[in-house]
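Note sheet for the following structure.
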Amino acid sequence: MKTAAQSLLKKVPAKDAKLVMAHMYVAFAALAIGATMGLLQVLERTGSFQLPSWLGYYQVLTVHGVILGLVLTTFFIIGFMFAAQSVTTGGYSNKERTAGWIGFIMMLVGTIAAAIMILLNEATVLYTFYVPLQAHAVFYIGLALVIAGSWFAVWVIVLRHFRFRKENPGVRTPLLSYMATVNSLMWQIATIGVAYSTIVHIIPWSLGLTETVDVLLTRTLFWYFGHPLVYFWLLPAYMMWYAILPKIIGGKIFSDSLARLAFALFLIFSIPVGFHHQLTEPGIDPFWKYLQVVLTMVVVVPSLMTAFTLFATFEQRGRELGAKGLFGWLKKMPWNDARFLAPFVGMLFFIPGGAGGIVNTSHQLNQVVHNTLWVTGHFHLTVATAVMLTFFGITYWLVPSLTGRVLTPVMNRMGILQTILWGTGMLIMSGAMHWQGLLGGPRRSAYSEYAGNADTLAWGPYQIAQAIGGSILFLGMIVMIIIFINLAFFAPKGETEFPVAEDHPNAAPTPAIFENWKLWIGITAALILFAYTIPIIDIIQNAPPGAKGFKLW
Ligand code: HAS
């Protein structure tokens, strides 16, 4: 029988839990496939390992990028946001949940369609699917289905948030629901670019209905989506750092207002910055590139606010436990708890990851690093470590709380081992990538392509280091999959709470302005129009003759 304390534990309602778990199964299957492809890549690049003749390097790279960058992330994030909102708002209605399932099925069908095309070597176009590389139309249709399916999910989240407001007038909305709503709105606004480009330009071209395609326009629309995409990955990790981690260390939320402000700033500034991925591209006036570089520097601010909040949260908790001095809290943290260690190591990695991002965006410095392995190193620190280790940390309590099981001490130790393997592997692999990038090592290149090149010898040691790091990461993936399977199917039955932190008693009330969505969406729209209207008109007007036949529909 449940004790009174157990029945008060915060849990996701059973029907919502099923929906969340469905997303998790796909996410972890994607992790297993994607990380195996990663291992093949680092091995191929040493020059001592050859891929079988039926498997191309760029095919492997496409699976790796699509399945980890687009599939794993989207499924995990939507599942996690559903769980976080469901637990804090009281769950979804039948209609909302059905819409969630429709979205899930669309995304799954789209993923399978795209995956089949990649496996058939009909869609070796990498995760950015830049034209004029052309894939089979089914690949693009699959991606379009994934995006359309995700719209169902994000609208469930937005509408659930508004239903909470309507049903609880005068009550502050739950922080996790607010954060999930910001991320959903950002996703909705950002994906319009890539959906339009795919459906209106690329699919007709891949079907042979149009002869040409506008390279610069489609790339620009991709990056209009591509940078908010990286924040779509980051914000769920921030949801955990702001609103869940304090509970895991026994503390309180440092400031609800500061957390909401950081998220509102992400909504406003995440989108009009895509040109920082196109700084070396001709056809875009330098003024607009400069403007978007400045806006990128602005979007660094909410991350600095997050770093400040995290230090404050740790210090506050440390002092409660008797810590002294600036870093005394380090001695008071629950280092032997995998639910804490994994996201904390993720944060540590985010410090050099974020600094690298600032280097990337610093216009002239971008000339040094663009299209080199440095960039690959950068995103393995950010998305593949800061974000992924946080997702792993979430898994340790989310999955057992959904499946009615518990994390045993043995699995907790496996989680600690996982974190150490992931951290060590990434340190070696990403460190070597950054270094080789500074020496000019190109990004996205197979050994077979530059074998014999004078640089091959100089790069050898770095490639070997990457292979060592990548192999350790592969072991880390295996350990993570074992933990996931255990928590989903085999761990002992029991009650696990979904940890949600509470406000600090001294926290000031949260200003109502954060719920003024017209204001935030209005500023977002104005900034996007300002940063993109003239350059896009320029791109269309000055398109090369073949692409001149541009029509809106
Ligand atoms: Fe980036 C390229 C600029 C953040 C992902 N980025 C990429 C690509 C990916 C990616 C995937 O401007 C490759 C795209 C492609 O395929 O071509 N990035 C930035 C900037 C930031 C940034 C300015 N990126 C991210 C995040 C990502 C991500 C986050 C994924 C999740 N990035 C660029 C640029 C390029 C780029 C250029 C294009 C390069 C090129 O030429 O192609 C910023 O948002 C970073 C701000 C972050 C911080 C760090 C805050 C630190 C915190 C942790 C605190 C730690 C604690 C623990 C409390 C300022 C919050 C302390 C404990 C102790 C004991 C000390």
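A note on labels: chains of the structure tokens are A, B, ... as shown, every chain counts residues from 1, and ligands are counted from 1 in their shown order.
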Could you give me, as a PyMOL selection string, the residues within 12 Å of segment 117-119 of chain A, counting only C-alpha atoms and dropping anything in the same chain fewer than 5 positions from it?
-> chain A and resi 54-56+58-67+110-112+124-127+129+134-143
Using only C-alpha atoms, pick whichever of A:Gly283, A:Gly377, A:Pro409, A:Gly423 has the shortest atom-to-atom distance to Trp435 of chain A.
->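 Checking each of A:Gly283, A:Gly377, A:Pro409, A:Gly423 against Trp435 of chain A, counting only C-alpha atoms, the winner is A:Gly377.
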Identify, on the basis of only C-alpha atoms, every residue whose closest approach to Pro272 of chain A does not exceed 7 Å; exclude the query and any residue fewer than 3 positions from it along the same chain; express the result as a PyMOL selection string.
-> chain A and resi 224+269+292+527-528+531
Give me, as CSV, the closest atom pair and its distance (Å, one decimal) for every residue of segment 420-518 of chain A within a cut-off of 12 Å of segment 182-189 of chain A, counting only C-alpha atoms, rows sorted by chain and rising number.
residue,atom,partner,partner_atom,distance
A:Phe514,CA,A:Val182,CA,10.6
A:Glu515,CA,A:Val182,CA,10.4
A:Asn516,CA,A:Val182,CA,11.9
A:Trp517,CA,A:Val182,CA,9.4
A:Lys518,CA,A:Leu185,CA,11.9
Tell me, as number ranges by chain, which residues lie within 6 Å of segment 464-470 of chain A, counting only C-alpha atoms; anything in the same chain fewer than 4 positions away does not count.
-> A: 39, 42-43, 46, 425, 428-429
For N, CA, C and O atoms, I'd like the residues from the last selection saved as a PDB file, in the first residue's frame.
ATOM      1  N   LEU A  39      30.920   6.336 -34.266  1.00  0.00           N
ATOM      2  CA  LEU A  39      32.113   5.495 -34.095  1.00  0.00           C
ATOM      3  C   LEU A  39      32.716   5.157 -35.470  1.00  0.00           C
ATOM      4  O   LEU A  39      33.925   5.261 -35.674  1.00  0.00           O
ATOM      5  N   VAL A  42      34.713   8.244 -36.823  1.00  0.00           N
ATOM      6  CA  VAL A  42      36.052   8.530 -36.268  1.00  0.00           C
ATOM      7  C   VAL A  42      37.045   7.440 -36.675  1.00  0.00           C
ATOM      8  O   VAL A  42      38.220   7.717 -36.884  1.00  0.00           O
ATOM      9  N   LEU A  43      36.559   6.197 -36.799  1.00  0.00           N
ATOM     10  CA  LEU A  43      37.476   5.127 -37.195  1.00  0.00           C
ATOM     11  C   LEU A  43      37.918   5.315 -38.649  1.00  0.00           C
ATOM     12  O   LEU A  43      39.096   5.199 -38.975  1.00  0.00           O
ATOM     13  N   THR A  46      40.772   7.709 -39.276  1.00  0.00           N
ATOM     14  CA  THR A  46      42.157   7.390 -38.913  1.00  0.00           C
ATOM     15  C   THR A  46      42.911   6.865 -40.131  1.00  0.00           C
ATOM     16  O   THR A  46      44.139   6.836 -40.148  1.00  0.00           O
ATOM     17  N   GLY A 425      35.462  10.963 -22.958  1.00  0.00           N
ATOM     18  CA  GLY A 425      35.470  10.758 -24.410  1.00  0.00           C
ATOM     19  C   GLY A 425      35.333  12.085 -25.137  1.00  0.00           C
ATOM     20  O   GLY A 425      36.047  12.370 -26.104  1.00  0.00           O
ATOM     21  N   ILE A 428      38.476  14.394 -24.973  1.00  0.00           N
ATOM     22  CA  ILE A 428      39.544  14.005 -25.907  1.00  0.00           C
ATOM     23  C   ILE A 428      39.111  14.292 -27.350  1.00  0.00           C
ATOM     24  O   ILE A 428      39.835  14.925 -28.115  1.00  0.00           O
ATOM     25  N   MET A 429      37.875  13.842 -27.704  1.00  0.00           N
ATOM     26  CA  MET A 429      37.466  13.976 -29.098  1.00  0.00           C
ATOM     27  C   MET A 429      37.268  15.442 -29.495  1.00  0.00           C
ATOM     28  O   MET A 429      37.817  15.910 -30.488  1.00  0.00           O
TER      29      MET A 429
END
For Gly251 of chain A, list every protein, DNA or RNA residue within 8 Å, evaluated using only C-alpha atoms, and leave out those in the same chain fewer than 4 positions away; present the list as a compact mmCIF listing (two decimals) with C-alpha atoms, in the first residue's frame.
# COMPACT_ATOMS: atom_id res chain seq x y z
CA PRO A 246 17.63 22.97 -7.29
CA LYS A 247 15.26 20.28 -5.97
CA THR A 313 21.69 28.40 -6.64
CA GLN A 316 22.81 29.42 -1.67
CA ARG A 317 22.40 25.69 -1.06
CA ALA A 501 11.79 22.83 -7.30
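Around segment 296-306 of chain A, within 8 Å and counting only C-alpha atoms, the residues found are Tyr238, Tyr242, Leu258, Ala259, Ala262, Phe263, Leu265, Phe266, Phe269, Ser270, Val273, His276, Ile358 and Thr361 of chain A, once anything fewer than 5 positions away on its own chain is removed.
Reported to one decimal place, the separation of atom CA of Phe222 of chain A from atom CA of Tyr130 of chain A is 8.4 Å.
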Residues within 10 Å of Val26 of chain A, please, as a PDB file with N, CA, C and O atoms, in the first residue's frame. Count only C-alpha atoms; anything in the same chain fewer than 2 positions from it doesn't count.
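Below is the file that was written, selection.pdb:
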ATOM      1  N   MET A  21       6.549   8.213 -22.833  1.00  0.00           N
ATOM      2  CA  MET A  21       7.441   7.063 -23.021  1.00  0.00           C
ATOM      3  C   MET A  21       7.576   6.707 -24.506  1.00  0.00           C
ATOM      4  O   MET A  21       8.652   6.313 -24.957  1.00  0.00           O
ATOM      5  N   ALA A  22       6.485   6.857 -25.266  1.00  0.00           N
ATOM      6  CA  ALA A  22       6.577   6.563 -26.702  1.00  0.00           C
ATOM      7  C   ALA A  22       7.678   7.425 -27.333  1.00  0.00           C
ATOM      8  O   ALA A  22       8.490   6.942 -28.143  1.00  0.00           O
ATOM      9  N   HIS A  23       7.728   8.700 -26.942  1.00  0.00           N
ATOM     10  CA  HIS A  23       8.781   9.583 -27.463  1.00  0.00           C
ATOM     11  C   HIS A  23      10.166   9.111 -27.014  1.00  0.00           C
ATOM     12  O   HIS A  23      11.136   9.182 -27.762  1.00  0.00           O
ATOM     13  N   MET A  24      10.237   8.618 -25.776  1.00  0.00           N
ATOM     14  CA  MET A  24      11.546   8.210 -25.232  1.00  0.00           C
ATOM     15  C   MET A  24      12.089   6.976 -25.962  1.00  0.00           C
ATOM     16  O   MET A  24      13.287   6.879 -26.199  1.00  0.00           O
ATOM     17  N   PHE A  28      15.816   6.989 -27.669  1.00  0.00           N
ATOM     18  CA  PHE A  28      16.957   6.149 -27.293  1.00  0.00           C
ATOM     19  C   PHE A  28      17.348   5.171 -28.409  1.00  0.00           C
ATOM     20  O   PHE A  28      18.527   4.828 -28.539  1.00  0.00           O
ATOM     21  N   ALA A  29      16.377   4.765 -29.226  1.00  0.00           N
ATOM     22  CA  ALA A  29      16.747   3.962 -30.404  1.00  0.00           C
ATOM     23  C   ALA A  29      17.627   4.827 -31.312  1.00  0.00           C
ATOM     24  O   ALA A  29      18.645   4.364 -31.859  1.00  0.00           O
ATOM     25  N   ALA A  30      17.255   6.101 -31.445  1.00  0.00           N
ATOM     26  CA  ALA A  30      18.045   7.018 -32.278  1.00  0.00           C
ATOM     27  C   ALA A  30      19.455   7.177 -31.705  1.00  0.00           C
ATOM     28  O   ALA A  30      20.443   7.216 -32.456  1.00  0.00           O
ATOM     29  N   LEU A  31      19.558   7.247 -30.377  1.00  0.00           N
ATOM     30  CA  LEU A  31      20.889   7.389 -29.761  1.00  0.00           C
ATOM     31  C   LEU A  31      21.768   6.198 -30.137  1.00  0.00           C
ATOM     32  O   LEU A  31      22.942   6.362 -30.510  1.00  0.00           O
ATOM     33  N   VAL A  71      16.357  13.806 -34.946  1.00  0.00           N
ATOM     34  CA  VAL A  71      15.369  12.838 -34.433  1.00  0.00           C
ATOM     35  C   VAL A  71      15.476  12.674 -32.910  1.00  0.00           C
ATOM     36  O   VAL A  71      14.512  12.929 -32.176  1.00  0.00           O
ATOM     37  N   LEU A  72      16.659  12.280 -32.433  1.00  0.00           N
ATOM     38  CA  LEU A  72      16.826  12.094 -30.983  1.00  0.00           C
ATOM     39  C   LEU A  72      16.388  13.339 -30.214  1.00  0.00           C
ATOM     40  O   LEU A  72      15.586  13.276 -29.282  1.00  0.00           O
ATOM     41  N   THR A  74      14.498  15.996 -31.119  1.00  0.00           N
ATOM     42  CA  THR A  74      13.091  16.415 -31.203  1.00  0.00           C
ATOM     43  C   THR A  74      12.200  15.494 -30.372  1.00  0.00           C
ATOM     44  O   THR A  74      11.340  15.968 -29.621  1.00  0.00           O
ATOM     45  N   PHE A  75      12.419  14.186 -30.479  1.00  0.00           N
ATOM     46  CA  PHE A  75      11.562  13.257 -29.725  1.00  0.00           C
ATOM     47  C   PHE A  75      11.796  13.411 -28.215  1.00  0.00           C
ATOM     48  O   PHE A  75      10.845  13.451 -27.438  1.00  0.00           O
ATOM     49  N   PHE A  76      13.066  13.508 -27.803  1.00  0.00           N
ATOM     50  CA  PHE A  76      13.325  13.614 -26.364  1.00  0.00           C
ATOM     51  C   PHE A  76      12.716  14.915 -25.821  1.00  0.00           C
ATOM     52  O   PHE A  76      12.037  14.924 -24.789  1.00  0.00           O
ATOM     53  N   PHE A 104       2.944  12.612 -32.740  1.00  0.00           N
ATOM     54  CA  PHE A 104       3.960  11.564 -32.567  1.00  0.00           C
ATOM     55  C   PHE A 104       3.976  10.632 -33.779  1.00  0.00           C
ATOM     56  O   PHE A 104       5.031  10.321 -34.339  1.00  0.00           O
ATOM     57  N   LEU A 108       6.944   9.999 -36.435  1.00  0.00           N
ATOM     58  CA  LEU A 108       7.529   8.660 -36.578  1.00  0.00           C
ATOM     59  C   LEU A 108       7.515   8.215 -38.041  1.00  0.00           C
ATOM     60  O   LEU A 108       8.520   7.724 -38.580  1.00  0.00           O
ATOM     61  N   THR A 111      10.091  10.133 -39.904  1.00  0.00           N
ATOM     62  CA  THR A 111      11.446   9.671 -39.589  1.00  0.00           C
ATOM     63  C   THR A 111      11.756   8.386 -40.350  1.00  0.00           C
ATOM     64  O   THR A 111      12.839   8.234 -40.928  1.00  0.00           O
TER      65      THR A 111
END
Please identify which residues in segment 356-539 of chain A DSSP calls strand (DSSP E or B) from the backbone, and express them as a list in words.
-> Thr372, Arg405, Pro442, Lys493 and Asp503 of chain A
I need the chosen residues saved as an mmCIF file, in the first residue's frame, with C-alpha atoms.
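Okay, selection23.cif is ready:
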data_model
loop_
_atom_site.group_PDB
_atom_site.id
_atom_site.type_symbol
_atom_site.label_atom_id
_atom_site.label_comp_id
_atom_site.auth_asym_id
_atom_site.auth_seq_id
_atom_site.Cartn_x
_atom_site.Cartn_y
_atom_site.Cartn_z
ATOM 1 C CA THR A 372 36.897 23.546 -40.065
ATOM 2 C CA ARG A 405 10.073 1.909 -11.109
ATOM 3 C CA PRO A 442 38.380 20.643 -42.830
ATOM 4 C CA LYS A 493 8.734 -1.480 -9.134
ATOM 5 C CA ASP A 503 10.571 29.207 -5.037
#
Rounded to one decimal in Å, what is the spacing between atom CA of Val293 of chain A and atom 43 (C, counted along the ligand's line) of ligand 1?
-> 11.3 Å
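The residue that comes closest to ligand 1, out of A:Tyr450, A:Trp223, A:Phe287, A:Phe311 and on the basis of only C-alpha atoms and all ligand atoms, is A:Phe311.
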